[in-house]
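What follows is the content of data12.cif, which has mmCIF, C-alpha atoms and all ligand atoms:
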```cif
data_data
loop_
_atom_site.group_PDB
_atom_site.id
_atom_site.type_symbol
_atom_site.label_atom_id
_atom_site.label_comp_id
_atom_site.auth_asym_id
_atom_site.auth_seq_id
_atom_site.Cartn_x
_atom_site.Cartn_y
_atom_site.Cartn_z
ATOM 1 C CA MET N 1 -11.068 -7.883 -24.799
ATOM 2 C CA ARG N 2 -8.214 -7.145 -27.188
ATOM 3 C CA LEU N 3 -5.697 -4.797 -25.683
ATOM 4 C CA VAL N 4 -2.315 -3.280 -26.287
ATOM 5 C CA LEU N 5 -0.304 -1.945 -23.365
ATOM 6 C CA PHE N 6 2.601 0.321 -23.892
ATOM 7 C CA GLY N 7 4.767 2.932 -22.257
ATOM 8 C CA PRO N 8 8.457 3.674 -21.666
ATOM 9 C CA PRO N 9 10.825 1.051 -20.253
ATOM 10 C CA GLY N 10 10.363 1.102 -16.475
ATOM 11 C CA ALA N 11 6.749 2.269 -16.673
ATOM 12 C CA GLY N 12 5.609 -0.911 -14.938
ATOM 13 C CA LYS N 13 4.124 -2.548 -18.033
ATOM 14 C CA GLY N 14 5.035 -6.110 -17.086
ATOM 15 C CA THR N 15 3.464 -5.877 -13.627
ATOM 16 C CA GLN N 16 0.279 -4.223 -14.849
ATOM 17 C CA ALA N 17 0.033 -6.539 -17.848
ATOM 18 C CA GLN N 18 0.002 -9.605 -15.612
ATOM 19 C CA ARG N 19 -2.746 -8.110 -13.445
ATOM 20 C CA ILE N 20 -4.888 -7.126 -16.415
ATOM 21 C CA ALA N 21 -4.473 -10.556 -17.991
ATOM 22 C CA ASP N 22 -5.485 -12.285 -14.733
ATOM 23 C CA ALA N 23 -8.465 -9.989 -14.158
ATOM 24 C CA TRP N 24 -9.850 -10.377 -17.676
ATOM 25 C CA ARG N 25 -8.706 -13.975 -18.232
ATOM 26 C CA ILE N 26 -6.829 -13.214 -21.398
ATOM 27 C CA PRO N 27 -3.310 -14.321 -22.346
ATOM 28 C CA HIS N 28 -0.521 -11.868 -21.593
ATOM 29 C CA ILE N 29 1.580 -11.763 -24.745
ATOM 30 C CA SER N 30 4.885 -10.070 -24.015
ATOM 31 C CA THR N 31 7.215 -9.905 -26.988
ATOM 32 C CA GLY N 32 10.164 -9.052 -24.700
ATOM 33 C CA GLU N 33 9.426 -12.160 -22.616
ATOM 34 C CA MET N 34 9.070 -14.369 -25.710
ATOM 35 C CA LEU N 35 12.392 -13.096 -27.024
ATOM 36 C CA ARG N 36 14.132 -13.582 -23.669
ATOM 37 C CA GLU N 37 12.861 -17.166 -23.651
ATOM 38 C CA ALA N 38 14.180 -17.657 -27.176
ATOM 39 C CA VAL N 39 17.590 -16.365 -26.111
ATOM 40 C CA ALA N 40 17.608 -18.594 -23.011
ATOM 41 C CA SER N 41 16.699 -21.663 -25.071
ATOM 42 C CA GLY N 42 19.467 -20.962 -27.583
ATOM 43 C CA SER N 43 17.042 -21.263 -30.526
ATOM 44 C CA GLU N 44 17.759 -19.857 -33.960
ATOM 45 C CA LEU N 45 15.507 -16.880 -33.173
ATOM 46 C CA GLY N 46 17.355 -16.381 -29.896
ATOM 47 C CA ARG N 47 20.701 -16.303 -31.663
ATOM 48 C CA GLN N 48 19.378 -13.715 -34.107
ATOM 49 C CA VAL N 49 18.088 -11.323 -31.445
ATOM 50 C CA ARG N 50 20.459 -11.675 -28.490
ATOM 51 C CA GLU N 51 22.942 -8.960 -29.391
ATOM 52 C CA LEU N 52 20.324 -6.392 -30.366
ATOM 53 C CA MET N 53 18.488 -6.969 -27.098
ATOM 54 C CA GLU N 54 21.657 -6.621 -25.051
ATOM 55 C CA ARG N 55 22.320 -3.303 -26.750
ATOM 56 C CA GLY N 56 18.777 -2.084 -26.027
ATOM 57 C CA GLN N 57 17.893 -1.905 -29.699
ATOM 58 C CA LEU N 58 14.810 -3.231 -31.413
ATOM 59 C CA VAL N 59 14.863 -6.500 -33.301
ATOM 60 C CA PRO N 60 13.738 -6.347 -36.954
ATOM 61 C CA ASP N 61 10.034 -5.647 -37.494
ATOM 62 C CA GLU N 62 9.444 -8.609 -39.812
ATOM 63 C CA LEU N 63 11.062 -11.012 -37.381
ATOM 64 C CA ILE N 64 9.001 -9.966 -34.365
ATOM 65 C CA GLY N 65 5.956 -9.655 -36.625
ATOM 66 C CA GLU N 66 6.161 -13.358 -37.445
ATOM 67 C CA VAL N 67 6.466 -14.256 -33.785
ATOM 68 C CA VAL N 68 3.369 -12.205 -32.925
ATOM 69 C CA ALA N 69 1.349 -13.475 -35.888
ATOM 70 C CA ALA N 70 1.992 -17.068 -34.846
ATOM 71 C CA ARG N 71 1.139 -16.342 -31.214
ATOM 72 C CA LEU N 72 -2.121 -14.522 -32.007
ATOM 73 C CA ALA N 73 -3.243 -17.422 -34.176
ATOM 74 C CA GLU N 74 -3.110 -19.790 -31.193
ATOM 75 C CA ASP N 75 -6.421 -20.932 -29.694
ATOM 76 C CA ASP N 76 -6.099 -19.176 -26.357
ATOM 77 C CA ALA N 77 -5.840 -15.773 -28.067
ATOM 78 C CA GLY N 78 -9.129 -16.298 -29.915
ATOM 79 C CA GLY N 79 -11.244 -14.688 -27.199
ATOM 80 C CA GLY N 80 -8.933 -11.787 -26.517
ATOM 81 C CA PHE N 81 -5.378 -10.950 -25.518
ATOM 82 C CA LEU N 82 -3.138 -8.340 -24.027
ATOM 83 C CA LEU N 83 -0.176 -7.374 -26.156
ATOM 84 C CA ASP N 84 2.725 -6.025 -24.097
ATOM 85 C CA GLY N 85 5.644 -4.512 -26.012
ATOM 86 C CA PHE N 86 4.164 -4.750 -29.509
ATOM 87 C CA PRO N 87 3.666 -2.806 -31.761
ATOM 88 C CA ARG N 88 6.729 -0.664 -31.147
ATOM 89 C CA THR N 89 7.258 0.997 -34.538
ATOM 90 C CA ALA N 90 5.027 2.447 -37.247
ATOM 91 C CA HIS N 91 5.776 -0.569 -39.423
ATOM 92 C CA GLN N 92 4.768 -2.943 -36.647
ATOM 93 C CA ILE N 93 1.362 -1.238 -36.527
ATOM 94 C CA GLU N 94 0.875 -2.179 -40.177
ATOM 95 C CA ILE N 95 1.972 -5.740 -39.483
ATOM 96 C CA LEU N 96 -0.496 -5.988 -36.597
ATOM 97 C CA ASP N 97 -3.288 -4.493 -38.731
ATOM 98 C CA ARG N 98 -2.730 -7.198 -41.342
ATOM 99 C CA VAL N 99 -2.652 -10.001 -38.788
ATOM 100 C CA LEU N 100 -5.861 -8.763 -37.145
ATOM 101 C CA GLU N 101 -7.611 -8.384 -40.456
ATOM 102 C CA ARG N 102 -6.815 -11.996 -41.259
ATOM 103 C CA LEU N 103 -8.196 -13.029 -37.871
ATOM 104 C CA GLY N 104 -11.252 -10.794 -38.240
ATOM 105 C CA ALA N 105 -10.398 -8.980 -35.024
ATOM 106 C CA GLU N 106 -9.869 -5.422 -33.853
ATOM 107 C CA ILE N 107 -8.024 -3.768 -30.982
ATOM 108 C CA ASP N 108 -10.458 -2.440 -28.362
ATOM 109 C CA ARG N 109 -8.038 -0.188 -26.500
ATOM 110 C CA VAL N 110 -4.419 0.832 -26.529
ATOM 111 C CA ILE N 111 -3.383 1.737 -23.000
ATOM 112 C CA LEU N 112 -0.512 4.176 -22.724
ATOM 113 C CA LEU N 113 1.166 4.181 -19.317
ATOM 114 C CA ASN N 114 2.492 7.689 -18.829
ATOM 115 C CA VAL N 115 5.454 8.004 -16.485
ATOM 116 C CA PRO N 116 7.814 11.001 -16.402
ATOM 117 C CA ASP N 117 11.434 10.401 -17.465
ATOM 118 C CA GLU N 118 12.883 11.050 -13.998
ATOM 119 C CA ILE N 119 10.700 8.375 -12.416
ATOM 120 C CA VAL N 120 11.450 5.885 -15.178
ATOM 121 C CA THR N 121 15.192 6.365 -14.721
ATOM 122 C CA GLU N 122 14.877 6.007 -10.938
ATOM 123 C CA ARG N 123 12.800 2.835 -11.202
ATOM 124 C CA LEU N 124 15.172 1.247 -13.693
ATOM 125 C CA ALA N 125 18.184 2.114 -11.530
ATOM 126 C CA GLY N 126 16.404 0.584 -8.519
ATOM 127 C CA ARG N 127 15.597 -2.601 -10.425
ATOM 128 C CA ARG N 128 19.274 -2.851 -11.333
ATOM 129 C CA GLU N 129 20.643 -2.289 -7.812
ATOM 130 C CA VAL N 130 18.459 -4.574 -5.769
ATOM 131 C CA GLY N 131 17.789 -7.211 -8.364
ATOM 132 C CA ASP N 132 14.128 -6.468 -7.640
ATOM 133 C CA GLN N 133 12.904 -9.961 -6.796
ATOM 134 C CA GLY N 134 14.122 -11.617 -9.910
ATOM 135 C CA GLN N 135 13.068 -8.786 -12.175
ATOM 136 C CA GLN N 136 16.652 -7.919 -13.018
ATOM 137 C CA ARG N 137 17.449 -8.357 -16.681
ATOM 138 C CA ALA N 138 20.536 -8.583 -18.841
ATOM 139 C CA ASP N 139 19.506 -5.300 -20.490
ATOM 140 C CA ASP N 140 19.188 -3.380 -17.196
ATOM 141 C CA ASN N 141 22.646 -1.795 -17.248
ATOM 142 C CA GLU N 142 23.058 1.949 -17.402
ATOM 143 C CA GLU N 143 24.200 2.223 -20.990
ATOM 144 C CA THR N 144 21.464 -0.062 -22.282
ATOM 145 C CA ILE N 145 18.779 1.716 -20.256
ATOM 146 C CA LEU N 146 19.708 5.018 -21.889
ATOM 147 C CA GLU N 147 19.594 3.390 -25.304
ATOM 148 C CA ARG N 148 16.176 1.812 -24.578
ATOM 149 C CA LEU N 149 14.818 5.201 -23.521
ATOM 150 C CA ARG N 150 16.223 6.808 -26.659
ATOM 151 C CA VAL N 151 14.772 4.092 -28.892
ATOM 152 C CA TYR N 152 11.427 4.469 -27.138
ATOM 153 C CA ALA N 153 11.292 8.229 -27.708
ATOM 154 C CA GLU N 154 12.399 7.930 -31.309
ATOM 155 C CA GLN N 155 10.530 4.877 -32.584
ATOM 156 C CA THR N 156 7.798 3.939 -30.149
ATOM 157 C CA GLU N 157 6.309 7.245 -29.016
ATOM 158 C CA PRO N 158 4.974 7.929 -32.538
ATOM 159 C CA VAL N 159 2.955 4.695 -32.242
ATOM 160 C CA ALA N 160 0.780 6.418 -29.619
ATOM 161 C CA ASP N 161 -0.098 9.205 -32.038
ATOM 162 C CA VAL N 162 -1.353 6.762 -34.645
ATOM 163 C CA TYR N 163 -3.707 5.102 -32.168
ATOM 164 C CA ARG N 164 -4.724 8.457 -30.726
ATOM 165 C CA LYS N 165 -5.868 9.528 -34.197
ATOM 166 C CA ARG N 166 -7.803 6.291 -34.534
ATOM 167 C CA GLY N 167 -9.573 7.096 -31.269
ATOM 168 C CA VAL N 168 -8.579 3.923 -29.410
ATOM 169 C CA LEU N 169 -5.810 5.303 -27.212
ATOM 170 C CA ALA N 170 -6.371 5.631 -23.466
ATOM 171 C CA ASP N 171 -3.838 7.624 -21.462
ATOM 172 C CA VAL N 172 -3.254 6.282 -17.977
ATOM 173 C CA ASP N 173 -1.230 7.977 -15.258
ATOM 174 C CA GLY N 174 1.458 5.400 -14.450
ATOM 175 C CA THR N 175 2.742 7.092 -11.283
ATOM 176 C CA GLY N 176 1.883 5.910 -7.790
ATOM 177 C CA THR N 177 1.620 2.401 -6.384
ATOM 178 C CA VAL N 178 0.955 -0.730 -8.438
ATOM 179 C CA GLU N 179 -2.550 -0.830 -6.921
ATOM 180 C CA GLN N 180 -3.306 2.785 -7.773
ATOM 181 C CA VAL N 181 -2.219 2.352 -11.386
ATOM 182 C CA PHE N 182 -4.155 -0.898 -11.719
ATOM 183 C CA ALA N 183 -7.298 0.746 -10.330
ATOM 184 C CA ARG N 184 -7.049 3.428 -13.026
ATOM 185 C CA ILE N 185 -6.690 0.813 -15.742
ATOM 186 C CA GLN N 186 -9.578 -1.242 -14.361
ATOM 187 C CA GLY N 187 -11.771 1.841 -14.319
ATOM 188 C CA LEU N 188 -11.304 2.396 -17.986
ATOM 189 C CA LEU N 189 -11.541 -1.286 -18.973
ATOM 190 C CA VAL N 190 -14.826 -1.704 -17.137
ATOM 191 C CA GLU N 191 -16.121 1.151 -19.273
ATOM 192 C CA VAL N 192 -14.809 -0.494 -22.450
ATOM 193 C CA ALA N 193 -16.416 -3.816 -21.519
ATOM 194 C CA GLY N 194 -19.723 -2.205 -20.548
HETATM 195 P P1 LIG R 201 10.744 -5.458 -23.294
HETATM 196 O O1 LIG R 201 10.763 -6.559 -22.289
HETATM 197 O O2 LIG R 201 9.386 -5.236 -23.883
HETATM 198 O O3 LIG R 201 11.348 -4.192 -22.760
HETATM 199 O O4 LIG R 201 11.674 -5.917 -24.508
HETATM 200 C C1 LIG R 201 13.035 -6.211 -24.310
HETATM 201 C C2 LIG R 201 13.789 -6.140 -25.624
HETATM 202 O O5 LIG R 201 13.244 -7.085 -26.558
HETATM 203 C C3 LIG R 201 13.712 -4.799 -26.347
HETATM 204 O O6 LIG R 201 14.681 -3.888 -25.868
HETATM 205 C C4 LIG R 201 13.973 -5.227 -27.782
HETATM 206 O O7 LIG R 201 15.340 -5.496 -28.002
HETATM 207 C C5 LIG R 201 13.231 -6.553 -27.872
HETATM 208 N N1 LIG R 201 11.805 -6.356 -28.276
HETATM 209 C C6 LIG R 201 10.698 -6.633 -27.537
HETATM 210 N N2 LIG R 201 9.577 -6.346 -28.203
HETATM 211 C C7 LIG R 201 9.974 -5.856 -29.401
HETATM 212 C C8 LIG R 201 9.288 -5.345 -30.545
HETATM 213 N N3 LIG R 201 7.950 -5.267 -30.591
HETATM 214 N N4 LIG R 201 10.045 -4.929 -31.588
HETATM 215 C C9 LIG R 201 11.369 -4.985 -31.579
HETATM 216 N N5 LIG R 201 12.083 -5.430 -30.535
HETATM 217 C C10 LIG R 201 11.399 -5.868 -29.452
#
```

Could I get this file's structure written as structure tokens?
Amino acid sequence: MRLVLFGPPGAGKGTQAQRIADAWRIPHISTGEMLREAVASGSELGRQVRELMERGQLVPDELIGEVVAARLAEDDAGGGFLLDGFPRTAHQIEILDRVLERLGAEIDRVILLNVPDEIVTERLAGRREVGDQGQQRADDNEETILERLRVYAEQTEPVADVYRKRGVLADVDGTGTVEQVFARIQGLLVEVAG
């Protein structure tokens, strides 16, 4: 199973991604997580991306493209994977297409978690206030949240249209409890697998 999960910041991607990865025994490849680890480790990559991430802006396509290409070439991704947070721009779709072609693989489904703006803003504010069991992040401040939402609408939403035209996009209602959303995703993945 080769999957891409995307949706606005605060849509619950991280939580759902982990569940999907566990259920289908595929690696959860989160570009945001990989970049946060790079920042925490103080690596060269981390130094290059830290400021952009803190501002809620995207890191350069080529840079993240290299990170993803290297990760997808690892053994554990050979039987499938779940990409979380990539591709996020039209150019990143092209980069992913090239990487997959080299690997002789194709994306089975792109899952779009649909959550209305008001709910996204509420969830992100909640995550910020209560620290949400360790889910709080350096980029969860009000200014950065607004910028991440703006960047999503401007650069990432068009990604959905490309996959919709290709016929691999699946819209999932991302409102409700974690269990409800996961059940919807499972329903469609069982169909894909069958
Ligand atoms: P996320 O955890 O997916 O919300 O990502 C956190 C931050 O990492 C984003 O706001 C970007 O600064 C950066 N990032 C993650 N994935 C990408 C990507 N595919 N392209 C560019 N920047 C990314």

Using all atoms listed in the file, what are the residues with an atom within 9 Å of ligand LIG 201 (chain R), set out as a short mmCIF file (atom, residue, chain, number, x, y, z; two decimals) with C-alpha atoms, keeping the file's coordinate frame?
```
data_model
loop_
_atom_site.label_atom_id
_atom_site.label_comp_id
_atom_site.auth_asym_id
_atom_site.auth_seq_id
_atom_site.Cartn_x
_atom_site.Cartn_y
_atom_site.Cartn_z
CA PHE N 6 2.60 0.32 -23.89
CA PRO N 8 8.46 3.67 -21.67
CA PRO N 9 10.82 1.05 -20.25
CA GLY N 10 10.36 1.10 -16.48
CA LYS N 13 4.12 -2.55 -18.03
CA GLY N 14 5.04 -6.11 -17.09
CA SER N 30 4.88 -10.07 -24.02
CA THR N 31 7.22 -9.90 -26.99
CA GLY N 32 10.16 -9.05 -24.70
CA GLU N 33 9.43 -12.16 -22.62
CA MET N 34 9.07 -14.37 -25.71
CA LEU N 35 12.39 -13.10 -27.02
CA ARG N 36 14.13 -13.58 -23.67
CA VAL N 49 18.09 -11.32 -31.44
CA ARG N 50 20.46 -11.68 -28.49
CA GLU N 51 22.94 -8.96 -29.39
CA LEU N 52 20.32 -6.39 -30.37
CA MET N 53 18.49 -6.97 -27.10
CA GLU N 54 21.66 -6.62 -25.05
CA ARG N 55 22.32 -3.30 -26.75
CA GLY N 56 18.78 -2.08 -26.03
CA GLN N 57 17.89 -1.90 -29.70
CA LEU N 58 14.81 -3.23 -31.41
CA VAL N 59 14.86 -6.50 -33.30
CA PRO N 60 13.74 -6.35 -36.95
CA ASP N 61 10.03 -5.65 -37.49
CA LEU N 63 11.06 -11.01 -37.38
CA ILE N 64 9.00 -9.97 -34.36
CA GLY N 65 5.96 -9.65 -36.62
CA VAL N 68 3.37 -12.20 -32.92
CA ASP N 84 2.72 -6.02 -24.10
CA GLY N 85 5.64 -4.51 -26.01
CA PHE N 86 4.16 -4.75 -29.51
CA PRO N 87 3.67 -2.81 -31.76
CA ARG N 88 6.73 -0.66 -31.15
CA THR N 89 7.26 1.00 -34.54
CA GLN N 92 4.77 -2.94 -36.65
CA ARG N 137 17.45 -8.36 -16.68
CA ASP N 139 19.51 -5.30 -20.49
CA THR N 144 21.46 -0.06 -22.28
CA ILE N 145 18.78 1.72 -20.26
CA GLU N 147 19.59 3.39 -25.30
CA ARG N 148 16.18 1.81 -24.58
CA VAL N 151 14.77 4.09 -28.89
#
```

Which residues of region 86-118 of chain N have any atom within 10 Å of an atom in region 159-181 of chain N when counting only C-alpha atoms, and what is the closest pair of atoms for each, with the distance in Å to one decimal? Order the rows by chain and rising number and write it as a Markdown table.
```
| residue | atom | partner | partner_atom | distance |
| --- | --- | --- | --- | --- |
| N:Phe86 | CA | N:Val159 | CA | 9.9 |
| N:Pro87 | CA | N:Val159 | CA | 7.5 |
| N:Arg88 | CA | N:Val159 | CA | 6.6 |
| N:Thr89 | CA | N:Val159 | CA | 6.1 |
| N:Ala90 | CA | N:Val159 | CA | 5.9 |
| N:His91 | CA | N:Val159 | CA | 9.3 |
| N:Gln92 | CA | N:Val159 | CA | 9.0 |
| N:Ile93 | CA | N:Val159 | CA | 7.5 |
| N:Ile107 | CA | N:Val168 | CA | 7.9 |
| N:Asp108 | CA | N:Val168 | CA | 6.7 |
| N:Arg109 | CA | N:Val168 | CA | 5.1 |
| N:Val110 | CA | N:Leu169 | CA | 4.7 |
| N:Ile111 | CA | N:Ala170 | CA | 4.9 |
| N:Leu112 | CA | N:Asp171 | CA | 5.0 |
| N:Leu113 | CA | N:Gly174 | CA | 5.0 |
| N:Asn114 | CA | N:Gly174 | CA | 5.0 |
| N:Val115 | CA | N:Gly174 | CA | 5.2 |
| N:Pro116 | CA | N:Thr175 | CA | 8.2 |
```

May I have the centre and edge lengths, in Å to one decimal, of an axis-aligned box around the listed atoms of region 147-164 of chain N with 8 Å added to every side, as AutoDock Vina command-line options?
```
--center_x 7.4 --center_y 5.5 --center_z -29.1 --size_x 40.3 --size_y 23.4 --size_z 27.1
```

What residues come out when you apply the PyMOL selection byres (((chain N and resi 100) around 12) and not hetatm) to this file, written as a CSV table (one decimal) with C-alpha atoms, in the coordinates of the input?
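Heads up, here's the output in result.csv:
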```csv
chain,number,residue,atom,x,y,z
N,2,ARG,CA,-8.2,-7.1,-27.2
N,65,GLY,CA,6.0,-9.7,-36.6
N,68,VAL,CA,3.4,-12.2,-32.9
N,69,ALA,CA,1.3,-13.5,-35.9
N,70,ALA,CA,2.0,-17.1,-34.8
N,71,ARG,CA,1.1,-16.3,-31.2
N,72,LEU,CA,-2.1,-14.5,-32.0
N,73,ALA,CA,-3.2,-17.4,-34.2
N,77,ALA,CA,-5.8,-15.8,-28.1
N,78,GLY,CA,-9.1,-16.3,-29.9
N,80,GLY,CA,-8.9,-11.8,-26.5
N,81,PHE,CA,-5.4,-11.0,-25.5
N,93,ILE,CA,1.4,-1.2,-36.5
N,94,GLU,CA,0.9,-2.2,-40.2
N,95,ILE,CA,2.0,-5.7,-39.5
N,96,LEU,CA,-0.5,-6.0,-36.6
N,97,ASP,CA,-3.3,-4.5,-38.7
N,98,ARG,CA,-2.7,-7.2,-41.3
N,99,VAL,CA,-2.7,-10.0,-38.8
N,101,GLU,CA,-7.6,-8.4,-40.5
N,102,ARG,CA,-6.8,-12.0,-41.3
N,103,LEU,CA,-8.2,-13.0,-37.9
N,104,GLY,CA,-11.3,-10.8,-38.2
N,105,ALA,CA,-10.4,-9.0,-35.0
N,106,GLU,CA,-9.9,-5.4,-33.9
N,107,ILE,CA,-8.0,-3.8,-31.0
N,108,ASP,CA,-10.5,-2.4,-28.4
```

Please report the interatomic distance between CA of Glu142 (chain N) and CA of Glu118 (chain N) in Å with one decimal.
14.1 Å

How would region 62-71 of chain N look with all heavy atoms restored, written as an mmCIF file, in the frame of the given file?
```cif
data_model
loop_
_atom_site.group_PDB
_atom_site.id
_atom_site.type_symbol
_atom_site.label_atom_id
_atom_site.label_comp_id
_atom_site.auth_asym_id
_atom_site.auth_seq_id
_atom_site.Cartn_x
_atom_site.Cartn_y
_atom_site.Cartn_z
ATOM 1 N N GLU N 62 10.006 -7.407 -39.179
ATOM 2 C CA GLU N 62 9.444 -8.609 -39.812
ATOM 3 C C GLU N 62 9.609 -9.830 -38.920
ATOM 4 O O GLU N 62 8.725 -10.697 -38.853
ATOM 5 C CB GLU N 62 10.097 -8.860 -41.183
ATOM 6 C CG GLU N 62 9.826 -7.770 -42.213
ATOM 7 C CD GLU N 62 8.331 -7.605 -42.533
ATOM 8 O OE1 GLU N 62 7.570 -8.573 -42.348
ATOM 9 O OE2 GLU N 62 7.949 -6.491 -42.952
ATOM 10 N N LEU N 63 10.756 -9.870 -38.244
ATOM 11 C CA LEU N 63 11.062 -11.012 -37.381
ATOM 12 C C LEU N 63 10.069 -11.083 -36.215
ATOM 13 O O LEU N 63 9.429 -12.115 -35.972
ATOM 14 C CB LEU N 63 12.493 -10.844 -36.857
ATOM 15 C CG LEU N 63 13.173 -12.037 -36.232
ATOM 16 C CD1 LEU N 63 13.324 -13.148 -37.263
ATOM 17 C CD2 LEU N 63 14.553 -11.633 -35.694
ATOM 18 N N ILE N 64 9.909 -9.969 -35.520
ATOM 19 C CA ILE N 64 9.001 -9.966 -34.365
ATOM 20 C C ILE N 64 7.550 -10.073 -34.857
ATOM 21 O O ILE N 64 6.705 -10.674 -34.186
ATOM 22 C CB ILE N 64 9.229 -8.724 -33.470
ATOM 23 C CG1 ILE N 64 8.507 -8.864 -32.131
ATOM 24 C CG2 ILE N 64 8.836 -7.432 -34.135
ATOM 25 C CD1 ILE N 64 9.071 -9.917 -31.233
ATOM 26 N N GLY N 65 7.292 -9.557 -36.048
ATOM 27 C CA GLY N 65 5.956 -9.655 -36.625
ATOM 28 C C GLY N 65 5.536 -11.103 -36.815
ATOM 29 O O GLY N 65 4.391 -11.476 -36.531
ATOM 30 N N GLU N 66 6.472 -11.932 -37.255
ATOM 31 C CA GLU N 66 6.161 -13.358 -37.445
ATOM 32 C C GLU N 66 5.864 -14.034 -36.121
ATOM 33 O O GLU N 66 4.967 -14.874 -36.016
ATOM 34 C CB GLU N 66 7.343 -14.070 -38.116
ATOM 35 C CG GLU N 66 7.344 -13.938 -39.625
ATOM 36 C CD GLU N 66 8.619 -14.474 -40.234
ATOM 37 O OE1 GLU N 66 9.184 -15.447 -39.687
ATOM 38 O OE2 GLU N 66 9.063 -13.904 -41.256
ATOM 39 N N VAL N 67 6.661 -13.669 -35.114
ATOM 40 C CA VAL N 67 6.466 -14.256 -33.785
ATOM 41 C C VAL N 67 5.065 -13.912 -33.273
ATOM 42 O O VAL N 67 4.329 -14.776 -32.787
ATOM 43 C CB VAL N 67 7.539 -13.718 -32.796
ATOM 44 C CG1 VAL N 67 7.234 -14.153 -31.368
ATOM 45 C CG2 VAL N 67 8.937 -14.170 -33.210
ATOM 46 N N VAL N 68 4.670 -12.650 -33.418
ATOM 47 C CA VAL N 68 3.369 -12.205 -32.925
ATOM 48 C C VAL N 68 2.230 -12.831 -33.739
ATOM 49 O O VAL N 68 1.220 -13.273 -33.180
ATOM 50 C CB VAL N 68 3.274 -10.658 -32.947
ATOM 51 C CG1 VAL N 68 1.858 -10.184 -32.667
ATOM 52 C CG2 VAL N 68 4.236 -10.053 -31.935
ATOM 53 N N ALA N 69 2.395 -12.886 -35.041
ATOM 54 C CA ALA N 69 1.349 -13.475 -35.888
ATOM 55 C C ALA N 69 1.080 -14.917 -35.472
ATOM 56 O O ALA N 69 -0.078 -15.331 -35.348
ATOM 57 C CB ALA N 69 1.770 -13.401 -37.363
ATOM 58 N N ALA N 70 2.147 -15.664 -35.240
ATOM 59 C CA ALA N 70 1.992 -17.068 -34.846
ATOM 60 C C ALA N 70 1.311 -17.167 -33.483
ATOM 61 O O ALA N 70 0.427 -17.999 -33.265
ATOM 62 C CB ALA N 70 3.361 -17.758 -34.809
ATOM 63 N N ARG N 71 1.698 -16.289 -32.573
ATOM 64 C CA ARG N 71 1.139 -16.342 -31.214
ATOM 65 C C ARG N 71 -0.351 -15.977 -31.213
ATOM 66 O O ARG N 71 -1.160 -16.584 -30.509
ATOM 67 C CB ARG N 71 1.934 -15.400 -30.297
ATOM 68 C CG ARG N 71 1.505 -15.402 -28.837
ATOM 69 C CD ARG N 71 1.722 -16.763 -28.193
ATOM 70 N NE ARG N 71 1.147 -16.825 -26.846
ATOM 71 C CZ ARG N 71 -0.111 -17.183 -26.590
ATOM 72 N NH1 ARG N 71 -0.935 -17.503 -27.580
ATOM 73 N NH2 ARG N 71 -0.549 -17.250 -25.353
#
```
